[in-house]
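Below is one structure, written out as structure tokens; comments come after it.
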Amino acid sequence: MFWVFVLRWLPTDDPGAIRRAVGSVIILGHNRSDLLRGFAPASVAALAFLLVFGLLGGWVLAGRMLAPLTQIADAAQMASHGSLSHRIRLEGPRDEFRELADVFDTMLEQLESHVAEQQRFAANASHELRTPLAISQSLLDVARKDPARGQGELIERLHTVNTRAIELTEALLLLSRSGRGSFTREPVDLSLVAEEATETLLPLAEQRQTTLDVTGEPTKTVGSAPLLLRMATNLVQNAIVHNLPTGGTVTVHTESQHDASVLRVENTGHRLPPELVPTLIEPFQRGTTRIRTDEHAGVGLGLAIVHSIIRAHDGTLDLAPRPTGGLTVTVRLPATPQAASPNEAH
């Protein structure tokens, strides 16, 4: 633009006209070539200054703009080497870089929690699997040292221990399969699932003098019928086992609520501390204590399997202690979309 101004607006032969056009200027000559020779060094110096200033300013500005990305990259590199406890905690205005850093921190927090959960699960599973093997080893050592000991008792105890180990292994496999969500989905009526589960467990309820009550309405959802049946069976079995010694009740209710299909299982029993209830869905938690000794002790994966099945079906699980004792378990699963009637279609 400066060269256009010189060549277009300055006169070629009258210095006075130059002064009238641009005000006060230094007159270097009487024609255009003299002006170009006078302005050329100054313009080159100005351009050089602007170039250096622009490069330095751009370098500083780029450094300030890319500093958040450098912090995020450093955090990602630390995470790739196994350090999940590091957080960026980027300060400054809430712009795109701040949002990206916050999302990355949230991801690291969830990943760290998931890894810690898997480590606890692996440690607990190893302990639980080690227990029956250690018992079997002890029984075999005793039998080897005392051959006169009755073989019938040894075989019976080994059979019990082996059965428990098989149940634990099958529960771990089911927990793994249900967590992946790789199953065929089909329409399922939760009311029929609840009825089948209660009919299967009716002998156990009669043995423990517990009353089973099934109420509700047809409640449709979409999922795996075998997994949902296992979910309902685990809930009802837990409600029967963790109940009053005699005279307890278990209520199973199904209903449709807006866009959710609800299965609710309530039981009587001892009062549960509120801080204990959230831990019941963790693997190898067993009621008010970690170890049970009766024949229905289970392997401590009942509610963990239930929770895994519900998550695989995009549902939610809610546990709430009852004021008079016992527990209320509420399962919410996505409802089956209702087909439009012929009148609505038109």
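Residue names in the structure tokens use chain letters A, B, ... in the order shown, residue numbers from 1 in each chain, and ligand numbers from 1 in the order shown.
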- Query: Got a sec: who's within 7 Å of Asn243 in chain A, counting only C-alpha atoms, leaving out chain neighbours fewer than 6 positions off, as a VMD selection string?
  - Reply: chain A and resid 267 to 269 326
Print the selection's residues with N, CA and C atoms to a file, as a compact mmCIF listing (two decimals), in the first residue's frame.
# COMPACT_ATOMS: atom_id res chain seq x y z
N ASN A 267 -37.34 -57.43 50.82
CA ASN A 267 -37.33 -58.51 51.80
C ASN A 267 -37.22 -57.95 53.20
N THR A 268 -37.69 -58.73 54.14
CA THR A 268 -37.49 -58.40 55.54
C THR A 268 -36.12 -58.89 55.96
N GLY A 269 -35.71 -58.53 57.17
CA GLY A 269 -34.40 -58.96 57.64
C GLY A 269 -33.84 -57.98 58.64
N GLY A 326 -34.12 -55.13 56.35
CA GLY A 326 -34.17 -55.70 55.01
C GLY A 326 -33.71 -54.72 53.96
What are the closest atom pairs, with distances in Å to one decimal, for all residues of range 37-79 of chain A lying within 12 Å of range 106-124 of chain A? Consider only C-alpha atoms, order rows by chain and residue number, and present the result as a tab-separated table.
residue	atom	partner	partner_atom	distance
A:Ile72	CA	A:Leu108	CA	11.6
A:Ala75	CA	A:Leu108	CA	9.5
A:Ala76	CA	A:Leu108	CA	9.3
A:Met78	CA	A:Leu108	CA	10.8
A:Ala79	CA	A:Leu108	CA	7.9
- Message: At a cut-off of 8 Å, using only C-alpha atoms, what residues contact range 197-214 of chain A? Leave out same-chain residues fewer than 3 positions from it and give the result as a list in words.
- Response: Val193, Ala194, Leu229, Ala232, Thr233, Val236, Gln237, Ile240, Pro245, Thr246, Gly247, Gly248, Thr249, Val250, Thr251, Val252 and His253 of chain A
Go ahead and save the picked residues with C-alpha atoms, as an mmCIF file, in the first residue's frame.
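selection_37.cif was written with the following content:
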data_model
loop_
_atom_site.group_PDB
_atom_site.id
_atom_site.type_symbol
_atom_site.label_atom_id
_atom_site.label_comp_id
_atom_site.auth_asym_id
_atom_site.auth_seq_id
_atom_site.Cartn_x
_atom_site.Cartn_y
_atom_site.Cartn_z
ATOM 1 C CA VAL A 193 -39.191 -63.882 34.444
ATOM 2 C CA ALA A 194 -40.086 -63.008 38.043
ATOM 3 C CA LEU A 229 -33.709 -64.845 34.476
ATOM 4 C CA ALA A 232 -34.087 -62.204 38.896
ATOM 5 C CA THR A 233 -33.064 -65.558 40.395
ATOM 6 C CA VAL A 236 -34.857 -63.495 44.875
ATOM 7 C CA GLN A 237 -32.312 -65.982 46.265
ATOM 8 C CA ILE A 240 -34.570 -65.347 50.812
ATOM 9 C CA PRO A 245 -34.505 -66.881 60.406
ATOM 10 C CA THR A 246 -38.222 -67.701 60.231
ATOM 11 C CA GLY A 247 -41.360 -65.836 59.230
ATOM 12 C CA GLY A 248 -39.685 -63.594 56.675
ATOM 13 C CA THR A 249 -41.273 -62.257 53.512
ATOM 14 C CA VAL A 250 -40.055 -61.510 49.994
ATOM 15 C CA THR A 251 -42.083 -59.330 47.634
ATOM 16 C CA VAL A 252 -41.393 -59.296 43.898
ATOM 17 C CA HIS A 253 -43.156 -56.578 41.915
#
- Message: So that I can see what lies close to Gln71 in chain A, please list as a VMD selection string the residues with an atom at most 10 Å from it, counting only C-alpha atoms and leaving out residues fewer than 2 positions away in the same chain.
- Response: chain A and resid 66 to 69 73 to 77 87 to 90 101
- Task: From the DSSP assignment of the backbone, select every residue of range 91-319 of chain A that is strand (DSSP E), and format the answer as a ChimeraX atom specification.
- Result: /A:186-189,210-216,220-223,248-257,260-267,316-319
What does the file look like for those residues with N, CA and C atoms, as an mmCIF file, in the first residue's frame?
data_model
loop_
_atom_site.group_PDB
_atom_site.id
_atom_site.type_symbol
_atom_site.label_atom_id
_atom_site.label_comp_id
_atom_site.auth_asym_id
_atom_site.auth_seq_id
_atom_site.Cartn_x
_atom_site.Cartn_y
_atom_site.Cartn_z
ATOM 1 N N GLU A 186 -33.850 -59.870 22.582
ATOM 2 C CA GLU A 186 -35.197 -60.228 22.159
ATOM 3 C C GLU A 186 -36.190 -59.669 23.163
ATOM 4 N N PRO A 187 -37.465 -59.539 22.794
ATOM 5 C CA PRO A 187 -38.472 -59.059 23.754
ATOM 6 C C PRO A 187 -38.606 -60.019 24.938
ATOM 7 N N VAL A 188 -38.631 -59.459 26.145
ATOM 8 C CA VAL A 188 -38.733 -60.249 27.372
ATOM 9 C C VAL A 188 -39.762 -59.593 28.285
ATOM 10 N N ASP A 189 -40.609 -60.415 28.896
ATOM 11 C CA ASP A 189 -41.594 -59.941 29.867
ATOM 12 C C ASP A 189 -41.027 -60.180 31.260
ATOM 13 N N THR A 210 -40.081 -68.776 54.565
ATOM 14 C CA THR A 210 -40.176 -67.425 54.025
ATOM 15 C C THR A 210 -41.314 -67.380 53.020
ATOM 16 N N THR A 211 -42.124 -66.339 53.100
ATOM 17 C CA THR A 211 -43.273 -66.175 52.212
ATOM 18 C C THR A 211 -42.861 -65.407 50.960
ATOM 19 N N LEU A 212 -43.193 -65.952 49.796
ATOM 20 C CA LEU A 212 -42.922 -65.298 48.517
ATOM 21 C C LEU A 212 -44.210 -64.695 47.980
ATOM 22 N N ASP A 213 -44.156 -63.459 47.577
ATOM 23 C CA ASP A 213 -45.328 -62.768 47.042
ATOM 24 C C ASP A 213 -44.931 -62.080 45.738
ATOM 25 N N VAL A 214 -45.592 -62.457 44.630
ATOM 26 C CA VAL A 214 -45.302 -61.901 43.311
ATOM 27 C C VAL A 214 -46.505 -61.090 42.861
ATOM 28 N N THR A 215 -46.273 -59.809 42.556
ATOM 29 C CA THR A 215 -47.338 -58.919 42.115
ATOM 30 C C THR A 215 -46.871 -58.127 40.910
ATOM 31 N N GLY A 216 -47.810 -57.403 40.307
ATOM 32 C CA GLY A 216 -47.443 -56.519 39.211
ATOM 33 C C GLY A 216 -48.211 -56.812 37.950
ATOM 34 N N LYS A 220 -42.636 -55.224 29.677
ATOM 35 C CA LYS A 220 -41.810 -55.644 28.547
ATOM 36 C C LYS A 220 -40.499 -54.862 28.494
ATOM 37 N N THR A 221 -39.450 -55.581 28.139
ATOM 38 C CA THR A 221 -38.152 -54.978 27.874
ATOM 39 C C THR A 221 -37.480 -55.786 26.764
ATOM 40 N N VAL A 222 -36.269 -55.411 26.418
ATOM 41 C CA VAL A 222 -35.518 -56.099 25.369
ATOM 42 C C VAL A 222 -34.178 -56.521 25.943
ATOM 43 N N GLY A 223 -33.847 -57.805 25.758
ATOM 44 C CA GLY A 223 -32.569 -58.281 26.272
ATOM 45 C C GLY A 223 -32.448 -59.780 26.134
ATOM 46 N N GLY A 248 -40.024 -64.714 57.537
ATOM 47 C CA GLY A 248 -39.685 -63.594 56.675
ATOM 48 C C GLY A 248 -40.552 -63.537 55.433
ATOM 49 N N THR A 249 -40.508 -62.426 54.749
ATOM 50 C CA THR A 249 -41.273 -62.257 53.512
ATOM 51 C C THR A 249 -40.382 -61.683 52.429
ATOM 52 N N VAL A 250 -40.716 -62.048 51.182
ATOM 53 C CA VAL A 250 -40.055 -61.510 49.994
ATOM 54 C C VAL A 250 -41.146 -61.105 49.020
ATOM 55 N N THR A 251 -41.106 -59.850 48.577
ATOM 56 C CA THR A 251 -42.083 -59.330 47.634
ATOM 57 C C THR A 251 -41.395 -58.990 46.327
ATOM 58 N N VAL A 252 -41.918 -59.546 45.237
ATOM 59 C CA VAL A 252 -41.393 -59.296 43.898
ATOM 60 C C VAL A 252 -42.474 -58.587 43.107
ATOM 61 N N HIS A 253 -42.153 -57.401 42.588
ATOM 62 C CA HIS A 253 -43.156 -56.578 41.915
ATOM 63 C C HIS A 253 -42.594 -56.074 40.589
ATOM 64 N N THR A 254 -43.431 -56.092 39.547
ATOM 65 C CA THR A 254 -43.033 -55.561 38.236
ATOM 66 C C THR A 254 -44.050 -54.520 37.806
ATOM 67 N N GLU A 255 -43.558 -53.479 37.145
ATOM 68 C CA GLU A 255 -44.437 -52.429 36.640
ATOM 69 C C GLU A 255 -43.716 -51.647 35.554
ATOM 70 N N SER A 256 -44.492 -50.910 34.770
ATOM 71 C CA SER A 256 -43.963 -50.040 33.721
ATOM 72 C C SER A 256 -44.066 -48.606 34.186
ATOM 73 N N GLN A 257 -42.979 -47.861 34.071
ATOM 74 C CA GLN A 257 -42.935 -46.456 34.471
ATOM 75 C C GLN A 257 -42.373 -45.637 33.314
ATOM 76 N N ALA A 260 -39.434 -46.872 31.244
ATOM 77 C CA ALA A 260 -38.629 -47.867 31.956
ATOM 78 C C ALA A 260 -39.498 -49.033 32.399
ATOM 79 N N SER A 261 -38.888 -50.216 32.381
ATOM 80 C CA SER A 261 -39.519 -51.412 32.928
ATOM 81 C C SER A 261 -38.855 -51.703 34.264
ATOM 82 N N VAL A 262 -39.670 -51.841 35.316
ATOM 83 C CA VAL A 262 -39.158 -51.887 36.678
ATOM 84 C C VAL A 262 -39.419 -53.258 37.284
ATOM 85 N N LEU A 263 -38.387 -53.791 37.922
ATOM 86 C CA LEU A 263 -38.479 -55.002 38.732
ATOM 87 C C LEU A 263 -38.004 -54.635 40.130
ATOM 88 N N ARG A 264 -38.879 -54.844 41.129
ATOM 89 C CA ARG A 264 -38.536 -54.471 42.507
ATOM 90 C C ARG A 264 -38.637 -55.701 43.399
ATOM 91 N N VAL A 265 -37.598 -55.935 44.186
ATOM 92 C CA VAL A 265 -37.551 -57.065 45.120
ATOM 93 C C VAL A 265 -37.299 -56.502 46.521
ATOM 94 N N GLU A 266 -38.223 -56.782 47.436
ATOM 95 C CA GLU A 266 -38.105 -56.335 48.825
ATOM 96 C C GLU A 266 -38.109 -57.547 49.746
ATOM 97 N N ASN A 267 -37.342 -57.431 50.815
ATOM 98 C CA ASN A 267 -37.334 -58.509 51.800
ATOM 99 C C ASN A 267 -37.224 -57.945 53.203
ATOM 100 N N THR A 316 -30.349 -49.610 35.246
ATOM 101 C CA THR A 316 -29.799 -49.092 36.497
ATOM 102 C C THR A 316 -30.239 -49.987 37.648
ATOM 103 N N LEU A 317 -29.423 -50.025 38.690
ATOM 104 C CA LEU A 317 -29.693 -50.812 39.894
ATOM 105 C C LEU A 317 -29.643 -49.885 41.095
ATOM 106 N N ASP A 318 -30.688 -49.933 41.911
ATOM 107 C CA ASP A 318 -30.771 -49.072 43.093
ATOM 108 C C ASP A 318 -31.020 -49.948 44.312
ATOM 109 N N LEU A 319 -30.187 -49.769 45.353
ATOM 110 C CA LEU A 319 -30.320 -50.482 46.614
ATOM 111 C C LEU A 319 -30.671 -49.493 47.713
#
- Please, what distance in Å, to one decimal, runs between CA of Thr324 in chain A and CA of Thr279 in chain A?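 Between CA of Thr324 in chain A and CA of Thr279 in chain A the gap is 20.2 Å.
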- DSSP helix (DSSP H, G or I) selection over range 116-196 of chain A, as a PyMOL selection string: chain A and resi 116-145+151-180+190-196
- Message: Please determine, counting only C-alpha atoms, which residue among A:Ala46, A:Met231, A:Leu129, A:Leu276 has the shortest atom-to-atom distance to Leu168 in chain A.
- Response: A:Leu129
- Item | One-decimal distance in Å that lies between CA of Ser176 in chain A and CA of His313 in chain A |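 Those two atoms sit 14.3 Å apart.
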- Between A:Pro273, A:Pro226, A:Gly315, A:Pro93, which is the closest to Leu174 in chain A once you count only C-alpha atoms?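 For Leu174 in chain A, the nearest of the given residues is A:Pro226.
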